[in-house]
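Coordinates as given in work.cif (mmCIF, C-alpha atoms):
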data_run
loop_
_atom_site.label_atom_id
_atom_site.label_comp_id
_atom_site.auth_asym_id
_atom_site.auth_seq_id
_atom_site.Cartn_x
_atom_site.Cartn_y
_atom_site.Cartn_z
CA MET A 1 94.94 93.58 72.58
CA SER A 2 97.88 91.43 71.58
CA GLN A 3 97.46 87.67 71.63
CA GLY A 4 100.85 86.62 72.98
CA THR A 5 102.05 88.68 75.92
CA LEU A 6 100.69 87.81 79.35
CA VAL A 7 101.35 89.91 82.43
CA LYS A 8 100.87 88.87 86.04
CA ARG A 9 98.45 90.99 88.02
CA GLN A 10 97.56 90.97 91.68
CA PHE A 11 94.27 92.42 92.81
CA GLY A 12 92.04 92.23 95.83
CA HIS A 13 88.35 91.51 96.14
CA ARG A 14 86.54 92.42 99.34
CA ALA A 15 83.37 90.69 100.48
CA ARG A 16 81.20 90.91 103.59
CA LEU A 17 81.31 88.02 106.03
CA ALA A 18 78.20 86.61 107.73
CA LEU A 19 79.70 85.66 111.09
CA SER A 20 77.72 84.31 114.01
CA PRO A 21 78.13 86.03 117.40
CA ALA A 22 80.59 83.31 118.40
CA GLY A 23 82.46 83.81 115.12
CA VAL A 24 82.65 87.56 115.71
CA ARG A 25 84.16 86.98 119.15
CA ALA A 26 86.67 84.50 117.71
CA ALA A 27 87.71 86.91 114.94
CA ASP A 28 87.98 89.77 117.46
CA ASP A 29 90.21 87.66 119.70
CA GLN A 30 92.48 86.79 116.78
CA ALA A 31 92.75 90.44 115.75
CA HIS A 32 93.70 91.51 119.28
CA ALA A 33 96.25 88.70 119.44
CA ALA A 34 97.74 89.81 116.10
CA ARG A 35 98.02 93.39 117.36
CA THR A 36 99.64 92.20 120.61
CA THR A 37 102.10 90.05 118.63
CA TRP A 38 103.11 93.12 116.63
CA ASN A 39 103.63 95.17 119.80
CA LEU A 40 105.68 92.42 121.47
CA LEU A 41 107.78 92.09 118.33
CA HIS A 42 108.34 95.85 118.29
CA ALA A 43 109.42 95.83 121.95
CA TRP A 44 111.80 92.94 121.21
CA TRP A 45 113.24 94.85 118.25
CA GLN A 46 113.96 97.94 120.34
CA MET A 47 115.55 95.87 123.10
CA MET A 48 117.85 93.75 120.93
CA PRO A 49 121.23 94.98 119.65
CA LYS A 50 121.50 95.47 115.94
CA GLU A 51 123.37 92.25 115.20
CA LYS A 52 120.64 90.22 116.94
CA ARG A 53 117.77 91.60 114.83
CA THR A 54 117.43 88.74 112.41
CA LEU A 55 114.41 86.95 111.05
CA THR A 56 115.46 83.72 112.75
CA ASN A 57 115.78 85.32 116.18
CA ALA A 58 112.49 87.17 115.75
CA ASP A 59 110.75 83.93 114.80
CA ALA A 60 112.13 82.23 117.90
CA ALA A 61 110.96 85.15 120.05
CA ILE A 62 107.42 84.90 118.64
CA ARG A 63 107.30 81.15 119.27
CA GLN A 64 108.43 81.65 122.86
CA GLY A 65 105.88 84.43 123.35
CA ARG A 66 103.05 82.19 122.10
CA GLN A 67 104.06 79.62 124.72
CA ASP A 68 104.34 82.11 127.57
CA ILE A 69 101.16 84.15 126.88
CA ASP A 70 98.07 81.98 126.72
CA PHE A 71 95.70 84.22 124.74
CA LEU A 72 98.19 84.50 121.84
CA ALA A 73 97.41 80.86 121.04
CA VAL A 74 94.04 81.89 119.51
CA LEU A 75 96.00 83.36 116.60
CA PRO A 76 96.87 80.71 113.99
CA ALA A 77 100.60 80.07 113.61
CA GLN A 78 100.62 81.13 109.95
CA ALA A 79 98.89 84.41 110.84
CA ALA A 80 101.60 85.06 113.44
CA GLN A 81 104.25 84.43 110.78
CA ALA A 82 102.45 86.94 108.54
CA VAL A 83 102.73 89.54 111.33
CA LEU A 84 106.48 88.88 111.46
CA LYS A 85 106.92 89.29 107.70
CA THR A 86 104.81 92.44 107.67
CA TYR A 87 106.87 93.95 110.49
CA PHE A 88 110.18 93.30 108.73
CA GLN A 89 108.77 94.69 105.49
CA ALA A 90 107.72 97.84 107.37
CA TRP A 91 111.34 98.43 108.39
CA LYS A 92 112.52 97.86 104.81
CA ASN A 93 110.01 100.45 103.60
CA CYS A 94 111.32 102.84 106.24
CA TRP A 95 114.95 102.33 105.25
CA ASP A 96 114.10 102.84 101.57
CA GLY A 97 112.34 106.11 102.40
CA ARG A 98 108.84 104.93 101.46
CA ALA A 99 107.30 105.16 104.93
CA ASP A 100 107.90 106.17 108.53
CA ALA A 101 109.33 103.78 111.09
CA PRO A 102 106.84 101.20 112.47
CA ASN A 103 105.49 101.89 115.92
CA PHE A 104 103.23 100.38 118.56
CA LYS A 105 99.65 99.70 117.52
CA SER A 106 97.07 101.13 119.91
CA ARG A 107 93.88 99.29 120.75
CA ILE A 108 91.62 102.17 119.70
CA ARG A 109 93.16 103.52 116.50
CA THR A 110 94.38 100.28 114.92
CA VAL A 111 92.29 98.59 112.25
CA MET A 112 91.46 95.08 113.43
CA SER A 113 92.73 92.54 110.91
CA VAL A 114 93.96 88.96 110.64
CA ASP A 115 95.94 87.45 107.76
CA VAL A 116 95.24 84.09 106.11
CA PRO A 117 98.50 83.65 104.15
CA GLN A 118 97.69 80.41 102.31
CA GLY A 119 94.89 80.41 99.76
CA ARG A 120 94.49 76.63 99.93
CA ASP A 121 93.43 76.90 103.58
CA LEU A 122 90.31 78.83 102.59
CA ASN A 123 88.66 75.95 100.68
CA ILE A 124 86.22 78.32 98.95
CA VAL A 125 82.95 76.93 97.59
CA ARG A 126 80.08 78.74 95.92
CA VAL A 127 76.83 77.55 97.47
CA HIS A 128 74.34 80.07 96.12
CA ARG A 129 74.00 82.80 93.54
CA ARG A 130 74.68 85.40 96.22
CA TRP A 131 76.71 83.49 98.79
CA GLY A 132 79.93 81.54 99.03
CA MET A 133 81.63 79.75 101.91
CA ALA A 134 85.23 79.86 103.09
CA ASN A 135 87.16 78.15 105.85
CA ILE A 136 88.59 80.64 108.35
CA PRO A 137 91.29 79.08 110.56
CA LYS A 138 90.08 78.61 114.17
CA VAL A 139 86.71 80.17 113.25
CA GLY A 140 85.17 77.57 110.96
CA ARG A 141 83.12 77.62 107.78
CA VAL A 142 81.78 81.11 107.16
CA ARG A 143 79.46 82.49 104.49
CA PHE A 144 80.45 85.57 102.50
CA ARG A 145 78.69 87.69 99.88
CA TRP A 146 79.49 86.45 96.36
CA THR A 147 79.62 89.71 94.42
CA LYS A 148 82.38 88.78 91.97
CA ASP A 149 83.46 85.54 90.33
CA LEU A 150 86.53 84.07 92.03
CA PRO A 151 88.99 81.51 90.58
CA VAL A 152 87.87 78.47 92.58
CA GLY A 153 87.30 74.84 91.66
CA LYS A 154 87.77 74.11 87.97
CA HIS A 155 88.29 77.83 87.27
CA ALA A 156 91.46 77.90 89.38
CA GLY A 157 94.93 77.07 88.10
CA ALA A 158 98.58 77.98 88.33
CA GLU A 159 97.94 81.18 86.39
CA ASN A 160 94.66 82.15 88.02
CA ARG A 161 94.24 81.45 91.72
CA ILE A 162 93.61 82.87 95.17
CA THR A 163 96.91 83.24 97.02
CA GLY A 164 95.52 84.27 100.41
CA ALA A 165 93.14 86.58 102.19
CA ARG A 166 92.89 89.08 104.99
CA LEU A 167 90.08 89.55 107.48
CA VAL A 168 89.35 93.23 108.12
CA LYS A 169 86.84 94.77 110.52
CA ASP A 170 85.25 98.18 110.01
CA ALA A 171 82.14 99.91 111.29
CA LEU A 172 79.94 97.66 109.13
CA GLY A 173 81.41 94.43 110.51
CA TRP A 174 83.94 91.84 109.38
CA HIS A 175 84.95 91.54 105.73
CA ILE A 176 87.31 89.24 103.87
CA ALA A 177 89.71 90.62 101.26
CA PHE A 178 90.89 87.92 98.84
CA ARG A 179 94.29 88.23 97.20
CA VAL A 180 93.90 87.03 93.62
CA GLN A 181 96.75 86.33 91.21
CA THR A 182 95.93 86.19 87.55
CA PHE A 183 97.62 86.47 84.17
CA GLU A 184 96.07 88.88 81.71
CA VAL A 185 96.81 89.79 78.13
CA LYS A 186 98.99 92.88 78.08
CA PRO A 187 96.92 95.73 76.67
CA GLU A 188 98.03 97.60 73.61
CA PRO A 189 98.48 101.37 73.88
CA HIS A 190 95.12 103.07 74.21
CA THR A 191 94.28 105.05 71.08
CA GLY A 192 91.57 107.11 72.73
CA PRO A 193 91.64 110.92 72.93
CA GLU A 194 93.41 113.08 75.48
CA VAL A 195 91.41 114.66 78.29
CA GLY A 196 92.08 117.08 81.11
CA ILE A 197 90.31 116.71 84.44
CA ASP A 198 89.41 119.34 87.01
CA VAL A 199 88.17 118.16 90.40
CA GLY A 200 86.01 120.29 92.66
CA ILE A 201 83.32 120.34 95.31
CA ASN A 202 80.20 121.64 93.56
CA MET A 203 81.26 119.83 90.37
CA PRO A 204 83.14 116.69 91.49
CA ILE A 205 84.72 115.89 88.09
CA ALA A 206 84.73 118.09 84.99
CA LEU A 207 86.43 117.06 81.73
CA SER A 208 87.99 119.27 79.11
CA ASP A 209 85.56 118.03 76.44
CA GLY A 210 82.57 119.31 78.40
CA GLU A 211 81.61 116.01 80.07
CA THR A 212 80.84 116.15 83.77
CA TYR A 213 80.37 113.54 86.50
CA GLU A 214 78.22 114.45 89.47
CA HIS A 215 76.82 112.62 92.45
CA GLY A 216 74.13 113.27 95.01
CA GLU A 217 74.35 113.15 98.76
CA TRP A 218 75.90 110.01 100.15
CA LEU A 219 73.19 109.75 102.83
CA THR A 220 69.45 110.12 102.39
CA ALA A 221 67.49 112.76 104.26
CA LYS A 222 66.29 110.17 106.77
CA GLU A 223 69.83 108.89 107.31
CA LYS A 224 71.11 112.44 107.79
CA ALA A 225 68.44 113.11 110.40
CA ARG A 226 69.35 109.84 112.09
CA LEU A 227 73.05 110.78 112.11
CA LEU A 228 72.32 114.21 113.61
CA HIS A 229 70.14 112.63 116.29
CA LEU A 230 72.88 110.14 117.22
CA GLU A 231 75.55 112.85 117.37
CA GLN A 232 73.36 114.94 119.67
CA ARG A 233 72.66 111.91 121.85
CA ALA A 234 76.38 111.14 122.10
CA SER A 235 77.11 114.73 123.07
CA GLN A 236 74.48 114.66 125.79
CA ARG A 237 75.66 111.36 127.23
CA LYS A 238 79.25 112.55 127.18
CA GLN A 239 78.33 115.60 129.27
CA HIS A 240 77.21 113.37 132.14
CA ARG A 241 80.54 111.54 132.25
CA LYS A 242 82.82 112.54 135.10
CA PRO A 243 86.48 113.39 134.38
CA GLY A 244 88.50 110.19 134.10
CA GLU A 245 85.40 107.98 134.02
CA ARG A 246 85.15 105.35 131.29
CA ASN A 247 82.51 105.65 128.59
CA SER A 248 79.31 103.78 129.27
CA ARG A 249 78.12 100.93 127.09
CA ARG A 250 75.27 103.08 125.84
CA LEU A 251 77.72 105.74 124.67
CA HIS A 252 79.87 103.11 122.95
CA ARG A 253 76.72 101.79 121.28
CA THR A 254 75.89 105.28 120.03
CA TYR A 255 79.44 105.73 118.70
CA ASP A 256 79.14 102.42 116.83
CA GLN A 257 75.87 103.54 115.22
CA ILE A 258 77.45 106.83 114.13
CA ALA A 259 80.44 104.99 112.68
CA GLY A 260 78.09 102.63 110.81
CA LEU A 261 76.29 105.49 109.06
CA ARG A 262 79.55 107.18 108.13
CA ALA A 263 80.94 103.90 106.81
CA LYS A 264 77.83 103.47 104.68
CA ALA A 265 78.40 106.93 103.17
CA LYS A 266 82.05 106.09 102.46
CA ARG A 267 81.08 102.81 100.80
CA ARG A 268 78.67 104.64 98.47
CA ALA A 269 81.36 107.21 97.66
CA LEU A 270 83.84 104.44 96.84
CA ASP A 271 81.32 102.78 94.53
CA TRP A 272 80.74 106.04 92.64
CA GLN A 273 84.47 106.68 92.34
CA HIS A 274 85.14 103.19 91.00
CA ARG A 275 82.40 103.39 88.39
CA THR A 276 83.42 106.90 87.31
CA THR A 277 87.16 106.27 87.04
CA THR A 278 86.56 103.00 85.16
CA ALA A 279 84.42 104.82 82.58
CA ILE A 280 87.11 107.49 82.11
CA ALA A 281 89.94 104.93 81.81
CA LYS A 282 88.02 102.98 79.15
CA GLN A 283 87.20 106.03 77.03
CA TYR A 284 90.41 108.10 77.11
CA GLY A 285 93.98 107.14 76.27
CA THR A 286 95.72 110.02 78.04
CA VAL A 287 94.34 111.47 81.26
CA VAL A 288 95.79 114.68 82.72
CA VAL A 289 95.11 115.85 86.28
CA GLU A 290 96.36 118.60 88.56
CA ALA A 291 99.17 117.86 91.02
CA LEU A 292 97.28 119.00 94.11
CA THR A 293 98.88 119.20 97.56
CA ILE A 294 95.73 118.29 99.45
CA THR A 295 97.34 118.27 102.89
CA ASN A 296 98.11 121.98 102.53
CA MET A 297 94.62 122.71 101.20
CA VAL A 298 92.89 121.29 104.28
CA LYS A 299 95.01 123.01 106.93
CA SER A 300 93.08 124.66 109.72
CA ALA A 301 92.61 128.45 109.79
CA ARG A 302 92.29 128.55 113.58
CA GLY A 303 95.63 130.30 114.11
CA THR A 304 97.08 130.92 117.55
CA VAL A 305 95.97 132.70 120.72
CA GLU A 306 98.08 135.73 119.83
CA GLU A 307 97.00 135.73 116.17
CA PRO A 308 93.60 134.01 115.86
CA GLY A 309 92.46 133.05 112.39
CA LYS A 310 89.57 134.49 110.40
CA ASN A 311 86.52 132.69 109.01
CA VAL A 312 87.50 129.57 110.95
CA ALA A 313 84.06 127.95 110.72
CA GLN A 314 83.84 128.51 106.95
CA LYS A 315 87.33 127.11 106.40
CA SER A 316 86.49 124.12 108.58
CA GLY A 317 83.44 123.37 106.44
CA LEU A 318 85.51 123.73 103.26
CA ASN A 319 88.10 121.31 104.65
CA ARG A 320 85.41 118.74 105.39
CA SER A 321 84.04 119.08 101.86
CA ILE A 322 87.49 118.64 100.30
CA SER A 323 88.21 115.59 102.44
CA GLY A 324 84.80 114.14 101.62
CA GLU A 325 85.47 114.27 97.88
CA ALA A 326 88.73 112.28 98.33
CA TRP A 327 90.51 113.74 95.30
CA GLY A 328 93.70 111.80 96.04
CA ARG A 329 91.81 108.51 95.97
CA THR A 330 90.32 109.44 92.59
CA VAL A 331 93.81 110.05 91.15
CA THR A 332 95.05 106.75 92.60
CA MET A 333 92.19 104.86 90.95
CA LEU A 334 92.77 106.60 87.63
CA THR A 335 96.48 105.76 87.79
CA TYR A 336 96.15 102.00 87.89
CA LYS A 337 92.97 101.81 85.79
CA THR A 338 94.44 103.78 82.89
CA ALA A 339 97.48 101.46 82.98
CA GLN A 340 95.22 98.39 82.88
CA HIS A 341 93.52 99.72 79.75
CA GLY A 342 96.75 100.74 78.02
CA GLY A 343 96.46 104.46 78.78
CA THR A 344 98.62 106.86 80.76
CA LEU A 345 98.02 109.40 83.50
CA HIS A 346 100.00 112.63 83.82
CA GLN A 347 100.06 115.44 86.36
CA VAL A 348 100.58 119.14 85.68
CA PRO A 349 101.12 122.11 88.02
CA ALA A 350 97.86 123.28 89.55
CA SER A 351 98.63 126.97 89.93
CA ASN A 352 96.18 129.39 88.21
CA THR A 353 94.33 126.72 86.21
CA SER A 354 91.01 128.11 87.49
CA ARG A 355 91.96 131.78 86.95
CA ARG A 356 93.46 131.59 83.46
CA CYS A 357 91.26 131.86 80.38
CA SER A 358 91.52 128.72 78.27
CA ALA A 359 90.84 130.68 75.07
CA CYS A 360 93.38 133.54 75.25
CA GLY A 361 95.65 132.19 77.99
CA LEU A 362 95.59 135.41 80.06
CA ILE A 363 94.77 135.89 83.73
CA THR A 364 92.44 138.87 84.08
CA LEU A 365 91.15 140.07 87.44
CA GLY A 366 87.46 139.29 88.00
CA SER A 367 87.12 136.78 85.18
CA ARG A 368 85.70 134.13 87.47
CA GLU A 369 82.37 135.65 88.33
CA SER A 370 81.14 132.79 90.51
CA GLN A 371 81.86 129.21 91.44
CA SER A 372 80.48 127.97 88.11
CA VAL A 373 80.70 130.94 85.69
CA PHE A 374 83.85 132.16 83.95
CA VAL A 375 83.78 135.27 81.74
CA CYS A 376 87.13 136.46 80.40
CA ARG A 377 87.62 140.20 81.11
CA ASN A 378 90.24 140.54 78.39
CA PRO A 379 88.74 143.08 75.89
CA ASP A 380 90.19 141.12 72.98
CA CYS A 381 88.70 137.79 74.12
CA GLY A 382 85.43 137.79 76.08
CA TRP A 383 85.15 133.98 76.18
CA SER A 384 82.55 132.69 78.62
CA GLY A 385 81.65 129.25 79.87
CA ASN A 386 81.61 126.94 82.82
CA ALA A 387 84.46 127.63 85.23
CA ASP A 388 85.23 123.95 85.85
CA HIS A 389 85.24 123.24 82.12
CA ASN A 390 87.64 126.16 81.65
CA ALA A 391 90.00 124.78 84.32
CA ALA A 392 89.95 121.30 82.74
CA ARG A 393 90.88 122.81 79.35
CA ASN A 394 93.80 124.62 81.00
CA VAL A 395 94.97 121.36 82.58
CA LEU A 396 95.04 119.66 79.17
CA HIS A 397 96.75 122.68 77.58
CA LEU A 398 99.59 122.53 80.13
CA TYR A 399 100.20 118.90 79.23
CA ARG A 400 100.25 119.66 75.50
CA MET A 401 102.74 122.47 76.15
CA GLY A 402 105.13 119.92 77.70
CA LEU A 403 104.69 121.11 81.28
CA ALA A 404 103.70 117.71 82.69
CA LEU A 405 105.42 116.53 85.83
CA ILE A 406 106.91 113.04 86.16
CA PRO A 407 104.17 110.65 84.96
CA ALA A 408 102.49 108.72 87.73
CA ALA A 409 103.35 105.02 87.42
CA GLY A 410 101.87 102.14 89.34
CA ARG A 411 100.40 103.35 92.60
CA ALA A 412 100.42 107.10 93.13
CA VAL A 413 102.95 106.99 95.99
CA VAL A 414 105.48 109.78 96.30
CA ARG A 415 108.88 108.36 97.17
CA ARG A 416 110.43 110.15 100.09
CA ALA A 417 114.02 111.28 100.09
CA LYS A 418 116.62 108.89 101.42
CA ARG A 419 117.44 109.57 105.02
CA VAL A 420 119.48 108.16 107.85
CA LYS A 421 118.02 105.14 109.54
CA PRO A 422 116.20 105.91 112.80
CA ALA A 423 118.13 105.32 115.98
CA ALA A 424 115.86 102.40 116.83
CA ALA A 425 116.92 100.65 113.64
CA ARG A 426 120.67 101.12 114.07
#
I'd like the structure from this file rewritten - as structure tokens, please.
Amino acid sequence: MSQGTLVKRQFGHRARLALSPAGVRAADDQAHAARTTWNLLHAWWQMMPKEKRTLTNADAAIRQGRQDIDFLAVLPAQAAQAVLKTYFQAWKNCWDGRADAPNFKSRIRTVMSVDVPQGRDLNIVRVHRRWGMANIPKVGRVRFRWTKDLPVGKHAGAENRITGARLVKDALGWHIAFRVQTFEVKPEPHTGPEVGIDVGINMPIALSDGETYEHGEWLTAKEKARLLHLEQRASQRKQHRKPGERNSRRLHRTYDQIAGLRAKAKRRALDWQHRTTTAIAKQYGTVVVEALTITNMVKSARGTVEEPGKNVAQKSGLNRSISGEAWGRTVTMLTYKTAQHGGTLHQVPASNTSRRCSACGLITLGSRESQSVFVCRNPDCGWSGNADHNAARNVLHLYRMGLALIPAAGRAVVRRAKRVKPAAAR
């Protein structure tokens, strides 16, 4: 690495909060107030004429709403301002073609979250090897799991500090995501070798040099049995519910237990993906992946009433397996991690990479004998090997032939085409 050039980097660190029952209720109330503030702001936006939609007028509307609606007062004023800034940024993203227009946030489908915009309000202290404490506005001093060193106390400065945080609730409870700003030495170009990557289901990640990365089941046998039992219990309790009747507390409790097990599986999958992609980014200078359109790959085969689909159950299971591997998330991680280590990530067309022989370059019918075995049927070739390894070699070959698509830079977000502003924004 060079010794002179420093680059600013923003990253997040998520830690589990140890809230008391009263703290959980306070955080829940703030999250519901933040969601309600967003919805009121959206209703105000749709009602106002275009020339009245300014940041000043929106701020005045939020202040008036906090005076008129009592329960909005549980949300700290700075968190309400963060909702306002996020809403205006959502419209800017829409106008630039990066996202759809913002809409109302429903109580059921919206992730519960509260923003703490100022890092100095947190007053973070490390009290134990495994625990730290932070000040959450209108909640109090709360312990959180100390799993990574944070720039606090004498380790904090103008170039390395916590700029804010966000409280997020999932099936495993409340977590705090710190926003950390730091200056790092700009990495020199990575001099490591080039590698092609093929992602799959039976073999999650296969490299062109023969290296493979596999993982086991995300849940143990006992946890799987527990999940099946809970799903059956939820199905039975749902059968006794009359049409239009609200779910019982027992059914909600069962749903929460199911969500907790699934969240545990996702957390283990994320940990494996982070460790795997970090190892690849450190070892290789150029990483080449397929440009997969995953949304098309997981479409249902159900069909219509007039033309019902075939092998619907098998296709449904395949879709679940593809979604469980989260190939898009793997590419996103590789994109920013290769950049942090001075490497680059490129994408190549995905068509026929698993059918073409990497030795002779021909596509011969029947060459792929099974999910894992590839034997070239070309009489002049006859190469045989692992099918995933063969596909990874083809991916790297396409890059070396100059067939790479536009290199992925920053976050792997596809910019949408410019379009006319929605009627609600005009």
Go through the shown structure with the PyMOL selection byres ((chain A and resi 187-196) around 9) and write out the matching residues as an MDAnalysis selection string. chainID A and resid 1:2 5 184:186 197:198 206:209 282:290 338:344 391:397 399
Given the file shown, enumerate the residues that the PyMOL selection byres ((chain A and resi 169) around 10) captures and present them as a VMD selection string. chain A and resid 16 to 17 24 27 to 28 31 111 to 114 166 to 168 170 to 176
At a cut-off of 12 Å, using only C-alpha atoms, what residues contact Thr86 of chain A? Leave out same-chain residues fewer than 6 positions from it and give the result as a list in words. Ala34, Arg35, Thr37, Trp38, Leu41, His42, Leu55, Ala79, Ala80, Lys92, Asn93, Pro102, Val114, Asp115 and Pro117 of chain A
What would the file look like if the residues just selected were written as a PDB file, in the frame of the given file with C-alpha atoms?
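As written to disk, result12.pdb reads:
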ATOM      1  CA  ALA A  34      97.740  89.810 116.100  1.00  0.00           C
ATOM      2  CA  ARG A  35      98.020  93.390 117.360  1.00  0.00           C
ATOM      3  CA  THR A  37     102.100  90.050 118.630  1.00  0.00           C
ATOM      4  CA  TRP A  38     103.110  93.120 116.630  1.00  0.00           C
ATOM      5  CA  LEU A  41     107.780  92.090 118.330  1.00  0.00           C
ATOM      6  CA  HIS A  42     108.340  95.850 118.290  1.00  0.00           C
ATOM      7  CA  LEU A  55     114.410  86.950 111.050  1.00  0.00           C
ATOM      8  CA  ALA A  79      98.890  84.410 110.840  1.00  0.00           C
ATOM      9  CA  ALA A  80     101.600  85.060 113.440  1.00  0.00           C
ATOM     10  CA  LYS A  92     112.520  97.860 104.810  1.00  0.00           C
ATOM     11  CA  ASN A  93     110.010 100.450 103.600  1.00  0.00           C
ATOM     12  CA  PRO A 102     106.840 101.200 112.470  1.00  0.00           C
ATOM     13  CA  VAL A 114      93.960  88.960 110.640  1.00  0.00           C
ATOM     14  CA  ASP A 115      95.940  87.450 107.760  1.00  0.00           C
ATOM     15  CA  PRO A 117      98.500  83.650 104.150  1.00  0.00           C
TER      16      PRO A 117
END
Rank nothing, just name the residue among A:Arg233, A:Arg141, A:His389, A:Arg14 nearest to Val373 of chain A, using only C-alpha atoms.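 Nearest candidate to Val373 of chain A out of A:Arg233, A:Arg141, A:His389, A:Arg14: A:His389.
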If we count all atoms listed in the file, what is near Val125 of chain A at a cut-off of 10 Å, once residues fewer than 5 positions away on the same chain are taken out, given as an mmCIF file with C-alpha atoms, in the frame of the given file?
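And here's selection.cif as it stands now:
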data_model
loop_
_atom_site.group_PDB
_atom_site.id
_atom_site.type_symbol
_atom_site.label_atom_id
_atom_site.label_comp_id
_atom_site.auth_asym_id
_atom_site.auth_seq_id
_atom_site.Cartn_x
_atom_site.Cartn_y
_atom_site.Cartn_z
ATOM 1 C CA TRP A 131 76.710 83.490 98.790
ATOM 2 C CA GLY A 132 79.930 81.540 99.030
ATOM 3 C CA MET A 133 81.630 79.750 101.910
ATOM 4 C CA ALA A 134 85.230 79.860 103.090
ATOM 5 C CA ASN A 135 87.160 78.150 105.850
ATOM 6 C CA ARG A 143 79.460 82.490 104.490
ATOM 7 C CA LEU A 150 86.530 84.070 92.030
ATOM 8 C CA VAL A 152 87.870 78.470 92.580
ATOM 9 C CA GLY A 153 87.300 74.840 91.660
#
Closest-contact table, segment 165-266 of chain A side, partner segment 313-324 of chain A, 12 Å, counting all atoms listed in the file, as CSV:
residue,atom,partner,partner_atom,distance
A:Val199,CA,A:Ile322,CA,9.9
A:Gly200,CA,A:Ile322,CA,8.0
A:Ile201,CA,A:Ser321,CA,6.7
A:Asn202,CA,A:Ser321,CA,9.5
A:Met203,CA,A:Ile322,CA,11.8
A:Pro204,CA,A:Ile322,CA,10.0
A:Glu217,CA,A:Gly324,CA,10.9
A:Trp218,CA,A:Gly324,CA,9.9
A:Arg262,CA,A:Gly324,CA,10.9
A:Ala265,CA,A:Gly324,CA,9.8
A:Lys266,CA,A:Gly324,CA,8.5
By how many Å are atom CA of Leu75 of chain A and atom CA of Thr182 of chain A apart?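 Pair atom CA of Leu75 of chain A / atom CA of Thr182 of chain A returns 29.2 Å.
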Got a sec to resolve the PyMOL selection byres ((chain A and resi 230) around 12) on this structure and send the residues as a PyMOL selection string? chain A and resi 223-229+231-237+250-262
For atom CA of Arg129 of chain A and atom CA of His155 of chain A, quote the distance in Å rounded to one decimal.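 So the answer is 16.4 Å.
In this comparison, which uses all atoms listed in the file, the residue of A:Asn311, A:Arg355, A:Leu219, A:Gly210 approaching Arg267 of chain A most closely is A:Leu219.
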